[in-house]
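File shown here: run-v9.cif, holding mmCIF, C-alpha atoms and all ligand atoms.
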```cif
data_upload
loop_
_atom_site.label_atom_id
_atom_site.label_comp_id
_atom_site.auth_asym_id
_atom_site.auth_seq_id
_atom_site.Cartn_x
_atom_site.Cartn_y
_atom_site.Cartn_z
CA MET A 9 51.07 87.15 53.97
CA LYS A 10 54.09 88.29 52.00
CA ILE A 11 54.79 92.01 52.18
CA LEU A 12 57.56 93.84 50.36
CA PHE A 13 58.72 96.67 52.63
CA LEU A 14 60.69 99.46 50.97
CA HIS A 15 62.51 101.57 53.52
CA GLY A 16 63.16 105.33 53.43
CA TRP A 17 66.26 107.35 52.67
CA HIS A 18 69.12 106.68 55.09
CA SER A 19 66.96 104.13 56.79
CA VAL A 20 67.92 100.48 57.08
CA PRO A 21 66.10 97.16 56.94
CA GLY A 22 64.92 95.87 60.30
CA GLY A 23 63.33 99.11 61.49
CA VAL A 24 60.29 99.52 63.71
CA LYS A 25 57.66 99.25 60.96
CA PRO A 26 58.81 96.05 59.17
CA THR A 27 59.53 94.49 62.56
CA TYR A 28 56.00 95.30 63.67
CA LEU A 29 54.57 93.55 60.58
CA ILE A 30 56.79 90.49 61.22
CA ASP A 31 55.74 90.41 64.87
CA HIS A 32 52.13 90.23 63.67
CA GLY A 33 52.67 87.20 61.51
CA HIS A 34 53.60 88.59 58.11
CA GLU A 35 56.51 87.46 55.98
CA VAL A 36 58.33 90.70 55.23
CA ILE A 37 60.86 91.08 52.44
CA ASN A 38 62.92 94.08 53.46
CA PRO A 39 65.73 94.71 50.95
CA VAL A 40 68.53 97.23 51.30
CA LEU A 41 67.89 100.08 48.86
CA ASP A 42 70.69 102.22 47.45
CA ASP A 43 70.55 105.65 49.16
CA ASP A 44 72.38 107.50 46.41
CA ASP A 45 71.14 105.96 43.18
CA PHE A 46 67.34 106.06 42.91
CA ASP A 47 67.28 103.97 39.73
CA ALA A 48 69.29 101.29 41.49
CA ALA A 49 66.81 101.36 44.39
CA VAL A 50 63.92 100.91 41.93
CA ALA A 51 65.75 98.04 40.21
CA THR A 52 66.27 96.33 43.59
CA GLY A 53 62.62 96.84 44.49
CA GLN A 54 61.45 95.44 41.17
CA ALA A 55 63.76 92.40 41.37
CA GLN A 56 62.55 91.59 44.91
CA PHE A 57 58.94 92.06 43.84
CA ASP A 58 59.34 89.76 40.83
CA LYS A 59 61.11 87.13 42.92
CA HIS A 60 58.68 87.04 45.86
CA GLN A 61 55.35 88.17 44.30
CA PRO A 62 54.05 89.84 47.50
CA MET A 63 50.36 90.77 47.82
CA VAL A 64 51.20 94.12 49.35
CA VAL A 65 54.04 96.60 48.88
CA VAL A 66 54.61 99.00 51.78
CA GLY A 67 56.82 101.98 50.94
CA SER A 68 57.99 104.52 53.49
CA SER A 69 58.94 108.06 52.37
CA ARG A 70 61.57 107.60 49.61
CA GLY A 71 60.61 103.90 49.64
CA GLY A 72 57.08 105.07 48.78
CA ALA A 73 58.47 106.71 45.67
CA VAL A 74 60.33 103.46 44.88
CA ALA A 75 57.05 101.54 45.26
CA MET A 76 55.30 103.93 42.86
CA ASN A 77 58.03 103.46 40.25
CA ILE A 78 58.00 99.66 40.13
CA ASN A 79 55.48 97.50 38.32
CA VAL A 80 53.45 95.78 41.03
CA GLY A 81 50.75 94.18 38.88
CA ASN A 82 47.71 93.56 41.04
CA ALA A 83 49.49 93.95 44.35
CA LYS A 84 48.25 96.71 46.66
CA LEU A 85 50.30 99.75 47.64
CA VAL A 86 50.43 101.04 51.21
CA LEU A 87 52.39 104.28 51.15
CA LEU A 88 53.69 106.00 54.27
CA CYS A 89 54.21 109.73 53.60
CA PRO A 90 55.50 108.95 50.09
CA ALA A 91 58.24 111.27 48.76
CA TRP A 92 56.97 111.06 45.19
CA LYS A 93 57.79 114.69 44.40
CA ASN A 94 61.42 114.25 45.44
CA TRP A 95 62.24 111.03 43.59
CA GLY A 96 61.22 109.21 40.45
CA SER A 97 58.82 110.05 37.66
CA ALA A 98 55.60 108.36 38.79
CA ASN A 99 52.95 110.91 39.76
CA SER A 100 49.87 108.76 40.30
CA ILE A 101 48.89 105.61 42.16
CA PRO A 102 46.51 102.78 41.22
CA PRO A 103 43.03 102.35 42.72
CA GLN A 104 42.99 100.47 46.03
CA SER A 105 46.17 102.12 47.20
CA VAL A 106 46.20 103.56 50.72
CA ILE A 107 48.36 106.41 52.02
CA LEU A 108 49.16 107.15 55.67
CA HIS A 109 50.47 110.63 56.36
CA SER A 110 50.68 113.04 59.30
CA ARG A 111 49.59 116.63 58.84
CA ALA A 112 52.45 117.52 61.21
CA ASP A 113 55.03 115.90 58.89
CA ASP A 114 57.83 118.48 58.49
CA VAL A 115 59.78 116.47 55.90
CA ILE A 116 57.17 115.61 53.28
CA PRO A 117 54.16 117.97 53.31
CA PHE A 118 50.75 116.41 53.91
CA SER A 119 49.56 118.39 50.87
CA ASP A 120 51.83 116.27 48.62
CA SER A 121 49.66 113.26 49.47
CA GLU A 122 46.45 115.24 48.95
CA GLU A 123 47.78 116.21 45.53
CA LEU A 124 48.74 112.62 44.75
CA VAL A 125 45.25 111.35 45.57
CA ALA A 126 43.67 114.10 43.46
CA ARG A 127 46.02 113.47 40.51
CA SER A 128 45.18 109.77 40.66
CA GLY A 129 41.45 110.46 40.60
CA LEU A 130 41.01 108.51 43.84
CA PRO A 131 38.51 109.27 46.63
CA PRO A 132 39.65 111.15 49.74
CA GLU A 133 39.35 107.96 51.84
CA THR A 134 42.58 106.84 50.13
CA LEU A 135 44.50 109.21 52.39
CA ILE A 136 44.48 108.46 56.12
CA GLU A 137 45.64 111.31 58.31
CA ILE A 138 47.53 109.79 61.21
CA GLY A 139 50.62 110.12 63.39
CA SER A 140 52.46 113.15 64.67
CA ASP A 141 55.61 113.24 62.53
CA HIS A 142 57.37 111.91 59.44
CA ARG A 143 58.34 108.58 61.00
CA LEU A 144 54.86 107.16 61.56
CA ALA A 145 56.36 104.83 64.15
CA ASP A 146 53.83 105.66 66.90
CA ALA A 147 51.40 103.03 68.15
CA ALA A 148 48.39 104.35 66.23
CA SER A 149 50.25 104.59 62.92
CA LEU A 150 51.70 101.09 63.31
CA SER A 151 48.32 99.67 64.18
CA VAL A 152 46.59 101.28 61.20
CA MET A 153 49.40 100.18 58.84
CA LEU A 154 48.91 96.62 60.09
CA TRP A 155 45.14 96.89 59.82
CA VAL A 156 45.33 97.96 56.16
CA CYS A 157 47.82 95.14 55.39
CA ASN A 158 45.56 92.59 57.10
CA LEU A 159 42.59 93.88 55.17
CA PHE A 160 44.44 93.41 51.88
CA ALA A 161 45.72 90.00 53.03
CA SER A 162 42.16 88.84 53.50
CA GLY A 163 41.31 89.90 49.95
CA GLU A 164 39.12 92.77 51.10
CA GLU A 165 39.02 96.10 49.40
CA PHE A 166 39.77 99.19 51.39
CA PRO A 167 36.45 100.85 52.28
CA GLY A 168 35.58 103.86 50.20
CA THR A 169 38.39 103.45 47.67
CA ASP A 170 36.24 101.74 45.06
CA GLY A 171 34.54 105.08 44.51
CA ASN A 172 31.36 103.80 46.12
CA SER A 173 31.23 105.42 49.52
CA THR A 174 27.70 104.40 50.47
CA SER A 175 27.36 102.76 53.83
CA PHE A 176 27.54 98.97 53.74
CA VAL A 177 27.25 98.43 57.44
CA ASP A 178 24.48 96.15 58.68
CA ALA A 179 22.71 95.71 61.98
CA SER A 180 25.12 93.05 63.22
CA SER A 181 27.98 95.50 63.12
CA GLN A 182 30.19 96.34 66.01
CA GLU A 183 28.69 99.08 68.16
CA GLU A 184 31.60 99.90 70.41
CA GLY A 185 35.20 100.69 69.78
CA SER A 186 38.13 101.71 71.87
CA TYR A 187 41.17 103.90 71.59
CA VAL A 188 44.17 104.64 73.77
CA CYS A 189 44.37 108.25 74.92
CA ASP A 190 47.69 109.74 73.83
CA ALA A 191 47.85 111.97 76.90
CA CYS A 192 47.11 109.57 79.75
CA GLY A 193 47.45 106.14 78.14
CA GLU A 194 44.01 104.95 79.28
CA GLU A 195 41.96 102.75 76.99
CA ILE A 196 38.69 104.55 76.34
CA ILE A 197 35.59 102.64 75.19
CA ILE A 198 33.35 104.68 72.90
CA PRO A 199 30.01 103.98 71.26
CA LEU A 200 30.13 103.90 67.47
CA ASP A 201 27.43 105.27 65.26
CA LEU A 202 28.22 103.52 61.99
CA THR A 203 25.34 105.27 60.25
CA GLU A 204 27.58 108.35 60.37
CA GLY A 205 29.75 106.81 57.66
CA THR A 206 32.69 104.48 57.23
CA SER A 207 35.29 107.15 57.73
CA GLN A 208 34.72 109.48 60.68
CA THR A 209 36.85 112.09 62.38
CA TYR A 210 35.76 114.09 65.38
CA VAL A 211 37.13 115.71 68.51
CA GLU A 212 36.19 114.66 72.03
CA ASP A 213 37.67 115.15 75.46
CA CYS A 214 39.22 112.14 77.15
CA PRO A 215 36.86 111.15 80.02
CA VAL A 216 39.89 110.33 82.20
CA CYS A 217 42.29 113.24 81.72
CA CYS A 218 40.04 115.71 79.86
CA ARG A 219 42.57 116.36 77.10
CA ALA A 220 41.03 116.85 73.68
CA ASN A 221 41.68 114.00 71.25
CA THR A 222 40.93 113.78 67.56
CA ILE A 223 39.17 110.44 67.11
CA HIS A 224 39.35 108.61 63.81
CA VAL A 225 37.03 105.72 62.95
CA GLN A 226 37.47 103.57 59.84
CA VAL A 227 34.98 100.79 59.17
CA ASP A 228 35.69 97.87 56.85
CA GLU A 229 33.18 95.99 54.72
CA GLU A 230 32.53 93.47 57.47
CA GLY A 231 31.48 96.31 59.75
CA ASN A 232 34.60 96.02 61.91
CA ALA A 233 35.79 99.37 63.11
CA GLN A 234 39.35 100.52 63.64
CA VAL A 235 39.54 103.44 66.06
CA TRP A 236 42.52 105.56 66.92
CA ALA A 237 43.18 108.90 68.57
CA GLU A 238 45.74 111.63 68.37
CA PRO A 239 46.11 114.86 70.33
CA GLU A 240 43.96 117.62 68.92
CA GLN A 241 46.06 119.96 66.80
CA ASP A 242 45.77 123.52 68.00
CA GLY A 243 44.81 125.07 64.71
CA GLN A 244 48.13 125.20 62.90
ZN ZN E 301 43.32 110.81 78.65
#
```
When written as structure tokens, how does the structure in this file appear?
Amino acid sequence: MKILFLHGWHSVPGGVKPTYLIDHGHEVINPVLDDDDFDAAVATGQAQFDKHQPMVVVGSSRGGAVAMNINVGNAKLVLLCPAWKNWGSANSIPPQSVILHSRADDVIPFSDSEELVARSGLPPETLIEIGSDHRLADAASLSVMLWVCNLFASGEEFPGTDGNSTSFVDASSQEEGSYVCDACGEEIIIPLDLTEGTSQTYVEDCPVCCRANTIHVQVDEEGNAQVWAEPEQDGQ
């Protein structure tokens, strides 16, 4: 699938995130965006979008603001800690957008994304809390970014973002998932109770190293679950 990737401020094409998408079979258009002139960056983004007609636009940080300020038609937006308050005039996102953001982000506050979702009238599932910093280049963040892109590539809607958050999981659904413990690196198999909802977050101790992990479960419309873990935050 074609993806337009809009990089962040003082970032360059060919970084970890676009490379990860390419390594997983996507055709990634990754233009150089002007770091000084935001309007020029938007013009570049729009020209590349019009030329390539990607199904998905991924925008990272300032690139997220660029993505919000171009006309993407029916393409889906995947925004990584978007810096929409710092650049551009757009202050809402269309339905079926997805945002990834870390609560520990010390560059763009997590609350900016909460505000963006609220301003756009979108359900809370639109915002996925993940990662441990602004870069979102850790394994879990990369894997969830890819998962969302693959979901959109297959023509699926992102679960919960159509405003209908009732459970659509049937009996044939996956009943186990696995995550990699951030502390010890072991892959942990866990049972999934999909009747608990399509978007779950809970804390459990790693059975190998006993460190507390925050477990996130997201279930798509086929009943396939994506599971990832991050170290439990000590109440900041
Ligand atoms: Zn562990």
Quiz item: Any idea what's packed within 12 Å of Ile30 in chain A, counting all atoms listed in the file, ignoring anything in its chain fewer than 5 positions away? Could you give it as a ChimeraX atom specification?
Solution: /A:9-13,22-25,35-38,150,154,157
Go ahead and save the picked residues with C-alpha atoms, as a tab-separated table (two decimals), in the frame of the given file.
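New file again-v1.tsv:
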```tsv
chain	number	residue	atom	x	y	z
A	9	MET	CA	51.07	87.15	53.97
A	10	LYS	CA	54.09	88.29	52.00
A	11	ILE	CA	54.79	92.01	52.18
A	12	LEU	CA	57.56	93.84	50.36
A	13	PHE	CA	58.72	96.67	52.63
A	22	GLY	CA	64.92	95.87	60.30
A	23	GLY	CA	63.33	99.11	61.49
A	24	VAL	CA	60.29	99.52	63.71
A	25	LYS	CA	57.66	99.25	60.96
A	35	GLU	CA	56.51	87.46	55.98
A	36	VAL	CA	58.33	90.70	55.23
A	37	ILE	CA	60.86	91.08	52.44
A	38	ASN	CA	62.92	94.08	53.46
A	150	LEU	CA	51.70	101.09	63.31
A	154	LEU	CA	48.91	96.62	60.09
A	157	CYS	CA	47.82	95.14	55.39
```
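Pocket residues of ligand ZN 301 (chain E), taken as those with any atom at most 7 Å away using only C-alpha atoms and all ligand atoms, are A:Cys189, A:Asp190, A:Ala191, A:Cys192, A:Gly193, A:Glu194, A:Cys214, A:Pro215, A:Val216, A:Cys217, A:Cys218, A:Arg219.
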So which residues touch Ser186 in chain A within 6 Å, counting all atoms listed in the file, skipping near sequence neighbours fewer than 3 positions away, as a PDB file with C-alpha atoms, keeping the file's coordinate frame?
```
ATOM      1  CA  ILE A 196      38.690 104.550  76.340  1.00  0.00           C
ATOM      2  CA  ILE A 197      35.590 102.640  75.190  1.00  0.00           C
ATOM      3  CA  ILE A 198      33.350 104.680  72.900  1.00  0.00           C
TER       4      ILE A 198
END
```
Exercise. With a distance cut-off of 12 Å and all atoms listed in the file, select the neighbouring residues of Val235 in chain A, excluding the residue or stretch itself and same-chain residues fewer than 6 positions from it, and output the selection as a PyMOL selection string.
Key: chain A and resi 138+148-149+151-152+155+182-189+195-200+206-210+221-228
Output the selection as a PDB file, keeping the file's coordinate frame - C-alpha atoms for each residue.
```pdb
ATOM      1  CA  ILE A 138      47.530 109.790  61.210  1.00  0.00           C
ATOM      2  CA  ALA A 148      48.390 104.350  66.230  1.00  0.00           C
ATOM      3  CA  SER A 149      50.250 104.590  62.920  1.00  0.00           C
ATOM      4  CA  SER A 151      48.320  99.670  64.180  1.00  0.00           C
ATOM      5  CA  VAL A 152      46.590 101.280  61.200  1.00  0.00           C
ATOM      6  CA  TRP A 155      45.140  96.890  59.820  1.00  0.00           C
ATOM      7  CA  GLN A 182      30.190  96.340  66.010  1.00  0.00           C
ATOM      8  CA  GLU A 183      28.690  99.080  68.160  1.00  0.00           C
ATOM      9  CA  GLU A 184      31.600  99.900  70.410  1.00  0.00           C
ATOM     10  CA  GLY A 185      35.200 100.690  69.780  1.00  0.00           C
ATOM     11  CA  SER A 186      38.130 101.710  71.870  1.00  0.00           C
ATOM     12  CA  TYR A 187      41.170 103.900  71.590  1.00  0.00           C
ATOM     13  CA  VAL A 188      44.170 104.640  73.770  1.00  0.00           C
ATOM     14  CA  CYS A 189      44.370 108.250  74.920  1.00  0.00           C
ATOM     15  CA  GLU A 195      41.960 102.750  76.990  1.00  0.00           C
ATOM     16  CA  ILE A 196      38.690 104.550  76.340  1.00  0.00           C
ATOM     17  CA  ILE A 197      35.590 102.640  75.190  1.00  0.00           C
ATOM     18  CA  ILE A 198      33.350 104.680  72.900  1.00  0.00           C
ATOM     19  CA  PRO A 199      30.010 103.980  71.260  1.00  0.00           C
ATOM     20  CA  LEU A 200      30.130 103.900  67.470  1.00  0.00           C
ATOM     21  CA  THR A 206      32.690 104.480  57.230  1.00  0.00           C
ATOM     22  CA  SER A 207      35.290 107.150  57.730  1.00  0.00           C
ATOM     23  CA  GLN A 208      34.720 109.480  60.680  1.00  0.00           C
ATOM     24  CA  THR A 209      36.850 112.090  62.380  1.00  0.00           C
ATOM     25  CA  TYR A 210      35.760 114.090  65.380  1.00  0.00           C
ATOM     26  CA  ASN A 221      41.680 114.000  71.250  1.00  0.00           C
ATOM     27  CA  THR A 222      40.930 113.780  67.560  1.00  0.00           C
ATOM     28  CA  ILE A 223      39.170 110.440  67.110  1.00  0.00           C
ATOM     29  CA  HIS A 224      39.350 108.610  63.810  1.00  0.00           C
ATOM     30  CA  VAL A 225      37.030 105.720  62.950  1.00  0.00           C
ATOM     31  CA  GLN A 226      37.470 103.570  59.840  1.00  0.00           C
ATOM     32  CA  VAL A 227      34.980 100.790  59.170  1.00  0.00           C
ATOM     33  CA  ASP A 228      35.690  97.870  56.850  1.00  0.00           C
TER      34      ASP A 228
END
```
Practice problem: With a distance cut-off of 6 Å and all atoms listed in the file, select the neighbouring residues of range 76-92 of chain A, excluding the residue or stretch itself and same-chain residues fewer than 6 positions from it, and output the selection as number ranges by chain. | Solution: A: 54, 63-70, 98, 105-109
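Between CA of Gln234 in chain A and CA of Glu212 in chain A there is a distance of 16.7 Å.
If all atoms listed in the file are the atoms counted, then among A:Pro103, A:Phe118, A:Gly129, A:Leu144 the closest residue to Phe166 in chain A is A:Pro103.
Proximity ranking of A:His34, A:His60, A:Lys93, A:His15 relative to Arg143 in chain A places A:His15 first, based on all atoms listed in the file.
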Exercise. List the residues sitting within 6 Å of (69.8, 99.7, 44.0) in the file's frame, using all atoms listed in the file, as a PyMOL selection string.
Key: chain A and resi 41-42+48-49+51-52
Quiz item: Pick from A:Pro131, A:Gln56, A:Gly71, A:Asn99: nearest to His18 in chain A, with all atoms listed in the file counted?
Solution: A:Gly71
Exercise. Go through A:Thr27, A:Gln241, A:Gln61, A:Ser97 and flag the residue nearest Asp47 in chain A, using only C-alpha atoms for the distances.
Key: A:Ser97
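One distance worth recording is that between CA of Val50 in chain A and CA of Asn94 in chain A, which is 14.0 Å.
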Quiz item: For the atom pair CA of Glu123 in chain A and CA of Trp236 in chain A, what is the interatomic distance in Å to one decimal place?
Solution: 24.5 Å
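Compared by their closest atoms to Met153 in chain A, and using all atoms listed in the file, the residues A:Ile136, A:Glu165, A:Gly72, A:Pro117 rank with A:Ile136 nearest.
Nearest residue to Asp113 in chain A, choosing from A:Val40, A:Val125, A:Pro132, A:His142 and counting all atoms listed in the file: A:His142.
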